[in-house]
file my_file_0.tsv (TSV, C-alpha atoms)
chain	number	residue	atom	x	y	z
A	1	MET	CA	128.69	78.35	19.16
A	2	LYS	CA	126.07	80.24	17.19
A	3	PHE	CA	125.36	78.79	13.75
A	4	THR	CA	124.62	80.90	10.67
A	5	ASP	CA	125.14	78.66	7.59
A	6	SER	CA	122.38	79.81	5.22
A	7	GLN	CA	122.77	76.65	3.11
A	8	ILE	CA	121.46	74.56	6.02
A	9	LEU	CA	119.07	76.89	7.80
A	10	PRO	CA	115.54	77.19	6.38
A	11	ALA	CA	114.79	80.56	4.82
A	12	GLY	CA	113.13	82.95	7.25
A	13	LEU	CA	113.60	80.88	10.40
A	14	GLU	CA	117.22	81.92	10.86
A	15	ARG	CA	115.90	85.36	11.80
A	16	SER	CA	113.30	84.11	14.30
A	17	LEU	CA	115.24	81.26	15.95
A	18	ARG	CA	118.71	80.91	17.39
A	19	PHE	CA	120.74	78.09	15.90
A	20	TYR	CA	123.90	76.63	17.42
A	21	VAL	CA	126.44	73.99	16.45
A	22	THR	CA	127.86	71.19	18.59
A	23	ASN	CA	131.54	70.53	19.11
A	24	PRO	CA	133.06	67.81	16.89
A	25	SER	CA	132.54	64.24	18.14
A	26	PRO	CA	133.15	60.75	16.67
A	27	CYS	CA	130.69	59.93	13.89
A	28	PRO	CA	128.46	56.97	14.87
A	29	TYR	CA	128.04	55.91	11.23
A	30	LEU	CA	131.36	56.35	9.41
A	31	PRO	CA	134.55	55.14	11.13
A	32	GLY	CA	137.29	57.72	11.43
A	33	MET	CA	134.97	60.63	10.74
A	34	ARG	CA	133.80	63.33	13.13
A	35	GLU	CA	130.37	64.93	13.20
A	36	ARG	CA	128.85	68.26	14.13
A	37	LYS	CA	125.16	69.12	14.38
A	38	ALA	CA	123.26	72.37	13.99
A	39	PHE	CA	120.42	72.62	16.49
A	40	THR	CA	117.73	74.88	17.89
A	41	ASN	CA	115.19	74.77	20.71
A	42	LEU	CA	111.63	73.82	19.76
A	43	ALA	CA	110.14	74.84	23.11
A	44	VAL	CA	108.83	78.08	21.63
A	45	SER	CA	105.49	79.50	20.60
A	46	ASP	CA	104.12	78.11	17.33
A	47	ALA	CA	106.34	75.04	17.77
A	48	ASP	CA	104.27	72.84	15.45
A	49	SER	CA	104.52	75.25	12.53
A	50	ILE	CA	108.26	75.69	13.06
A	51	HIS	CA	108.73	71.94	13.37
A	52	ASN	CA	106.96	71.41	10.05
A	53	SER	CA	109.26	73.90	8.31
A	54	LEU	CA	112.37	72.43	9.92
A	55	SER	CA	111.36	68.87	8.98
A	56	GLN	CA	111.00	69.88	5.34
A	57	ALA	CA	114.49	71.41	5.61
A	58	GLY	CA	116.02	68.13	6.81
A	59	PHE	CA	115.90	68.61	10.60
A	60	ARG	CA	114.99	65.86	13.07
A	61	ARG	CA	113.55	66.14	16.58
A	62	SER	CA	114.99	64.80	19.81
A	63	GLN	CA	112.89	65.82	22.83
A	64	THR	CA	112.76	69.66	22.63
A	65	ILE	CA	115.66	69.98	20.17
A	66	ALA	CA	115.57	70.07	16.37
A	67	TYR	CA	118.90	69.17	14.75
A	68	ARG	CA	120.55	68.25	11.48
A	69	PRO	CA	124.11	67.35	10.46
A	70	ALA	CA	126.45	70.29	9.86
A	71	CYS	CA	129.74	68.63	9.01
A	72	PRO	CA	131.96	71.02	7.01
A	73	ARG	CA	133.68	68.38	4.82
A	74	CYS	CA	131.08	65.62	4.64
A	75	ASN	CA	127.59	65.37	3.19
A	76	ALA	CA	126.97	61.65	3.69
A	77	CYS	CA	123.93	62.06	5.97
A	78	ARG	CA	120.93	62.80	3.77
A	79	SER	CA	117.40	63.36	4.99
A	80	VAL	CA	114.99	60.90	3.30
A	81	ARG	CA	111.25	60.41	3.12
A	82	VAL	CA	108.83	58.03	1.40
A	83	PRO	CA	106.29	59.61	-0.99
A	84	THR	CA	103.32	57.53	0.07
A	85	ARG	CA	101.23	58.12	-3.06
A	86	GLU	CA	103.93	56.61	-5.29
A	87	PHE	CA	105.05	53.82	-2.96
A	88	VAL	CA	104.48	50.31	-4.30
A	89	GLN	CA	104.84	47.27	-2.05
A	90	SER	CA	107.43	44.70	-3.05
A	91	ARG	CA	106.94	40.96	-2.67
A	92	ASN	CA	109.03	41.09	0.52
A	93	ASP	CA	106.85	43.93	1.86
A	94	ARG	CA	103.72	41.88	1.30
A	95	ARG	CA	105.25	38.89	3.08
A	96	THR	CA	106.18	41.09	6.05
A	97	LEU	CA	102.66	42.51	6.25
A	98	ALA	CA	101.14	39.02	6.06
A	99	ARG	CA	103.54	37.71	8.72
A	100	ASN	CA	102.33	40.42	11.09
A	101	ALA	CA	98.63	40.40	10.20
A	102	SER	CA	97.74	39.67	13.83
A	103	LEU	CA	99.26	42.94	15.07
A	104	VAL	CA	96.89	45.70	16.15
A	105	ARG	CA	98.07	49.30	15.98
A	106	THR	CA	96.76	51.61	18.70
A	107	PRO	CA	97.65	55.32	18.80
A	108	VAL	CA	98.05	56.55	22.38
A	109	GLU	CA	99.01	59.82	24.00
A	110	ALA	CA	102.76	60.49	24.10
A	111	THR	CA	103.05	59.49	27.75
A	112	ALA	CA	105.52	56.92	29.06
A	113	THR	CA	104.36	53.61	30.54
A	114	ARG	CA	106.31	50.99	32.45
A	115	GLU	CA	105.29	48.40	29.86
A	116	GLN	CA	106.81	50.44	27.04
A	117	PHE	CA	109.96	51.03	29.05
A	118	ARG	CA	110.46	47.32	29.78
A	119	LEU	CA	110.23	46.61	26.06
A	120	LEU	CA	112.66	49.44	25.29
A	121	LYS	CA	115.23	48.17	27.81
A	122	THR	CA	115.03	44.65	26.39
A	123	TYR	CA	115.46	46.02	22.87
A	124	VAL	CA	118.40	48.28	23.75
A	125	GLN	CA	120.21	45.64	25.80
A	126	THR	CA	119.91	43.17	22.94
A	127	ARG	CA	120.50	45.42	19.94
A	128	HIS	CA	122.41	48.49	21.22
A	129	ASP	CA	123.99	47.50	24.51
A	130	LYS	CA	126.95	49.86	24.01
A	131	GLY	CA	124.90	52.80	22.75
A	132	GLY	CA	123.99	56.01	24.51
A	133	MET	CA	120.55	54.67	25.55
A	134	SER	CA	121.90	51.64	27.42
A	135	GLU	CA	121.90	53.52	30.73
A	136	MET	CA	118.47	55.09	30.25
A	137	THR	CA	116.24	55.14	33.34
A	138	TYR	CA	112.47	55.25	33.43
A	139	ARG	CA	112.68	58.94	34.32
A	140	ASP	CA	114.84	59.47	31.23
A	141	TYR	CA	112.25	57.68	29.12
A	142	MET	CA	109.47	59.81	30.57
A	143	THR	CA	111.39	62.91	29.52
A	144	MET	CA	112.11	61.48	26.08
A	145	VAL	CA	108.45	60.70	25.41
A	146	GLY	CA	106.51	63.28	27.37
A	147	GLY	CA	108.69	66.31	26.76
A	148	SER	CA	107.71	66.87	23.15
A	149	PRO	CA	106.65	70.47	22.42
A	150	VAL	CA	105.03	69.37	19.12
A	151	GLN	CA	102.20	67.04	18.10
A	152	SER	CA	103.45	63.56	18.83
A	153	LEU	CA	101.88	60.12	19.29
A	154	ILE	CA	102.95	56.66	20.36
A	155	PHE	CA	101.78	53.79	18.18
A	156	GLU	CA	101.61	50.59	20.21
A	157	TYR	CA	101.55	47.29	18.31
A	158	ARG	CA	99.98	44.40	20.21
A	159	ASP	CA	99.68	40.80	19.11
A	160	GLY	CA	95.90	40.59	19.07
A	161	GLU	CA	92.88	42.68	19.97
A	162	ALA	CA	92.67	41.77	23.65
A	163	GLU	CA	93.42	44.62	26.04
A	164	ASP	CA	96.20	42.60	27.67
A	165	ALA	CA	97.64	41.29	24.39
A	166	PRO	CA	101.46	41.28	24.37
A	167	LEU	CA	103.10	44.57	23.41
A	168	LEU	CA	105.55	43.66	20.63
A	169	ALA	CA	106.54	47.00	19.12
A	170	VAL	CA	106.35	50.75	19.69
A	171	ALA	CA	106.82	53.75	17.41
A	172	ILE	CA	107.26	57.30	18.71
A	173	THR	CA	105.95	59.40	15.85
A	174	ASP	CA	105.56	63.11	15.18
A	175	VAL	CA	102.51	64.22	13.20
A	176	LEU	CA	103.36	66.81	10.55
A	177	ARG	CA	101.14	68.71	8.14
A	178	ASP	CA	102.47	66.59	5.28
A	179	GLY	CA	102.94	63.23	6.97
A	180	PHE	CA	104.50	61.23	9.76
A	181	SER	CA	108.03	61.61	11.09
A	182	MET	CA	109.23	58.41	12.73
A	183	VAL	CA	111.29	59.58	15.70
A	184	TYR	CA	112.19	56.24	17.31
A	185	THR	CA	111.02	52.64	17.11
A	186	PHE	CA	111.73	49.59	19.22
A	187	PHE	CA	110.41	46.04	19.41
A	188	ASP	CA	110.67	42.64	21.07
A	189	PRO	CA	114.06	41.27	19.92
A	190	GLU	CA	112.85	37.70	20.44
A	191	GLN	CA	110.41	38.33	17.56
A	192	GLU	CA	113.14	39.41	15.14
A	193	SER	CA	112.07	36.89	12.49
A	194	ARG	CA	108.81	38.81	12.06
A	195	GLY	CA	110.65	41.87	10.70
A	196	LEU	CA	108.93	44.22	13.14
A	197	GLY	CA	111.10	47.24	12.33
A	198	HIS	CA	110.33	46.84	8.63
A	199	TYR	CA	106.68	46.24	9.44
A	200	MET	CA	106.31	49.47	11.42
A	201	ILE	CA	107.62	51.53	8.51
A	202	LEU	CA	105.27	49.77	6.10
A	203	ASP	CA	102.38	50.31	8.51
A	204	HIS	CA	103.19	54.03	8.81
A	205	ILE	CA	103.19	54.28	5.02
A	206	ARG	CA	99.85	52.45	4.87
A	207	HIS	CA	98.38	54.62	7.63
A	208	ALA	CA	99.59	57.82	5.95
A	209	GLN	CA	98.00	56.66	2.69
A	210	ASP	CA	94.70	56.06	4.49
A	211	MET	CA	94.85	59.57	5.99
A	212	GLY	CA	95.83	61.24	2.72
A	213	LEU	CA	99.26	62.28	4.04
A	214	PRO	CA	101.92	62.41	1.31
A	215	HIS	CA	105.11	61.58	3.24
A	216	VAL	CA	106.70	59.38	5.87
A	217	TYR	CA	110.00	60.85	7.08
A	218	LEU	CA	112.62	58.20	7.94
A	219	GLY	CA	115.44	60.39	9.24
A	220	TYR	CA	118.88	60.13	7.66
A	221	TRP	CA	120.22	57.75	5.07
A	222	VAL	CA	124.01	57.57	5.34
A	223	LYS	CA	125.85	56.50	2.24
A	224	GLY	CA	128.54	53.99	3.20
A	225	SER	CA	126.91	52.99	6.49
A	226	PRO	CA	125.61	49.39	6.42
A	227	LYS	CA	123.29	49.92	9.40
A	228	MET	CA	121.50	52.80	7.65
A	229	ASP	CA	121.33	51.31	4.16
A	230	TYR	CA	118.03	49.52	4.87
A	231	LYS	CA	116.18	52.75	4.09
A	232	ARG	CA	116.94	52.30	0.38
A	233	ARG	CA	114.46	49.40	0.23
A	234	TYR	CA	111.50	51.82	0.36
A	235	LYS	CA	111.02	52.93	-3.22
A	236	PRO	CA	110.66	55.49	-4.50
A	237	LEU	CA	112.67	57.25	-1.79
A	238	GLU	CA	113.07	61.02	-1.79
A	239	MET	CA	116.31	62.64	-0.63
A	240	LEU	CA	116.88	66.27	0.34
A	241	ASP	CA	119.47	67.64	-2.08
A	242	GLY	CA	120.35	71.21	-1.10
A	243	ASP	CA	116.95	72.79	-0.54
A	244	GLN	CA	115.05	70.50	-2.93
A	245	TRP	CA	113.65	67.00	-2.47
A	246	ARG	CA	114.32	64.59	-5.34
A	247	THR	CA	114.10	60.85	-5.96
A	248	LEU	CA	117.16	58.91	-4.87
A	249	ARG	CA	118.69	57.15	-7.87
A	250	ASP	CA	119.70	53.48	-7.82
A	251	ASP	CA	123.31	54.38	-8.70
A	252	GLU	CA	123.73	56.76	-5.72
call {"tool": "encode", "arguments": {"input": "my_file_0.tsv", "output": "structure tokens"}}
result
Amino acid sequence: MKFTDSQILPAGLERSLRFYVTNPSPCPYLPGMRERKAFTNLAVSDADSIHNSLSQAGFRRSQTIAYRPACPRCNACRSVRVPTREFVQSRNDRRTLARNASLVRTPVEATATREQFRLLKTYVQTRHDKGGMSEMTYRDYMTMVGGSPVQSLIFEYRDGEAEDAPLLAVAITDVLRDGFSMVYTFFDPEQESRGLGHYMILDHIRHAQDMGLPHVYLGYWVKGSPKMDYKRRYKPLEMLDGDQWRTLRDDE
């Protein structure tokens, strides 16, 4: 179905792109609710520029598709980002960074490797064994990683500087004009005590600060969803409210 809601679509792009909406399906975050998504194809000319505009309007990327929630009676999913210039590390953040001081971040081309895929399968089987990615094949992963029509990188995190050091964590990250958009992260579940998911977000914030990039986009915060509430720990946190970004209040 073609989608035309001007409150969701970024100004100007609704005339140059075709937007559609999915059929209702069970919401993965709020029990008893159903979700719909507006989406468009990013495999077009000037994809990077369009992706930047869509990201600022609350869209996320999955392979060649940009999407955002379009639920008619629910507004629980809110796009959030960390303003890196204002971010201040907490005591817990500093402990997590110190705990993972041996990790070495290496940016590599967005191309799948068997090593990454083995880590992904271990992560999914341990953390999300009933999710949609549990049946993913290596060919599926190659499409997921290598099919991006926009500027995208993989950050590999190895435990040490040796070339064959163990791969402990991976972040698939889009590079925007105004920051990083963290598309998907996964890590060695046997190293859970190190807080690797938390560490990768902190490291993206630190890397963006070093590069002078003002934002790290974290996807959607879903009020009322325990598994998404961790994003509130990054303060200040900006939330897209209508067509304006504002700081998320503690009482929200």
call {"tool": "closest_residue", "arguments": {"input": "my_file_0.tsv", "among": "A:Val88, A:Ala101, A:Leu9, A:Val21", "to": "A:Arg233", "atoms": "all atoms listed in the file"}}
result
A:Val88
call {"tool": "closest_residue", "arguments": {"input": "my_file_0.tsv", "among": "A:Leu168, A:Leu119, A:Val124, A:Val150", "to": "A:Ile50", "atoms": "all atoms listed in the file"}}
result
A:Val150
call {"tool": "residues_around", "arguments": {"input": "my_file_0.tsv", "residues": "A:Thr247", "least_positions_apart": "5", "cutoff": "12 Å", "atoms": "only C-alpha atoms", "output": "ChimeraX atom specification"}}
result
/A:79-83,86-87,232,234-241,252
call {"tool": "residues_around", "arguments": {"input": "my_file_0.tsv", "residues": "A:His51", "least_positions_apart": "5", "cutoff": "9 Å", "atoms": "only C-alpha atoms", "output": "PyMOL selection string"}}
result
chain A and resi 42+46+56+59-61+66+150+176
call {"tool": "atom_distance", "arguments": {"input": "my_file_0.tsv", "atom1": "atom CA of A:Asp140", "atom2": "atom CA of A:Thr126"}}
result
19.0 Å
call {"tool": "atom_distance", "arguments": {"input": "my_file_0.tsv", "atom1": "atom CA of A:Ile65", "atom2": "atom CA of A:Arg18"}}
result
11.7 Å
call {"tool": "closest_residue", "arguments": {"input": "my_file_0.tsv", "among": "A:Pro189, A:Gly224, A:Gly195, A:Gly219", "to": "A:Arg68", "atoms": "only C-alpha atoms"}}
result
A:Gly219
call {"tool": "atom_distance", "arguments": {"input": "my_file_0.tsv", "atom1": "atom CA of A:Phe180", "atom2": "atom CA of A:Val216"}}
result
4.8 Å
call {"tool": "closest_residue", "arguments": {"input": "my_file_0.tsv", "among": "A:Val44, A:Cys74, A:Met136, A:Ala169", "to": "A:Glu115", "atoms": "all atoms listed in the file"}}
result
A:Ala169
call {"tool": "closest_residue", "arguments": {"input": "my_file_0.tsv", "among": "A:His204, A:Lys37, A:Arg78, A:Arg127", "to": "A:Asp174", "atoms": "all atoms listed in the file"}}
result
A:His204
call {"tool": "closest_residue", "arguments": {"input": "my_file_0.tsv", "among": "A:Leu103, A:Val222, A:Ala171, A:Ala98", "to": "A:Gly197", "atoms": "all atoms listed in the file"}}
result
A:Ala171
call {"tool": "residues_around", "arguments": {"input": "my_file_0.tsv", "residues": "A:Pro26", "least_positions_apart": "5", "cutoff": "10 Å", "atoms": "all atoms listed in the file", "output": "ChimeraX atom specification"}}
result
/A:31-36
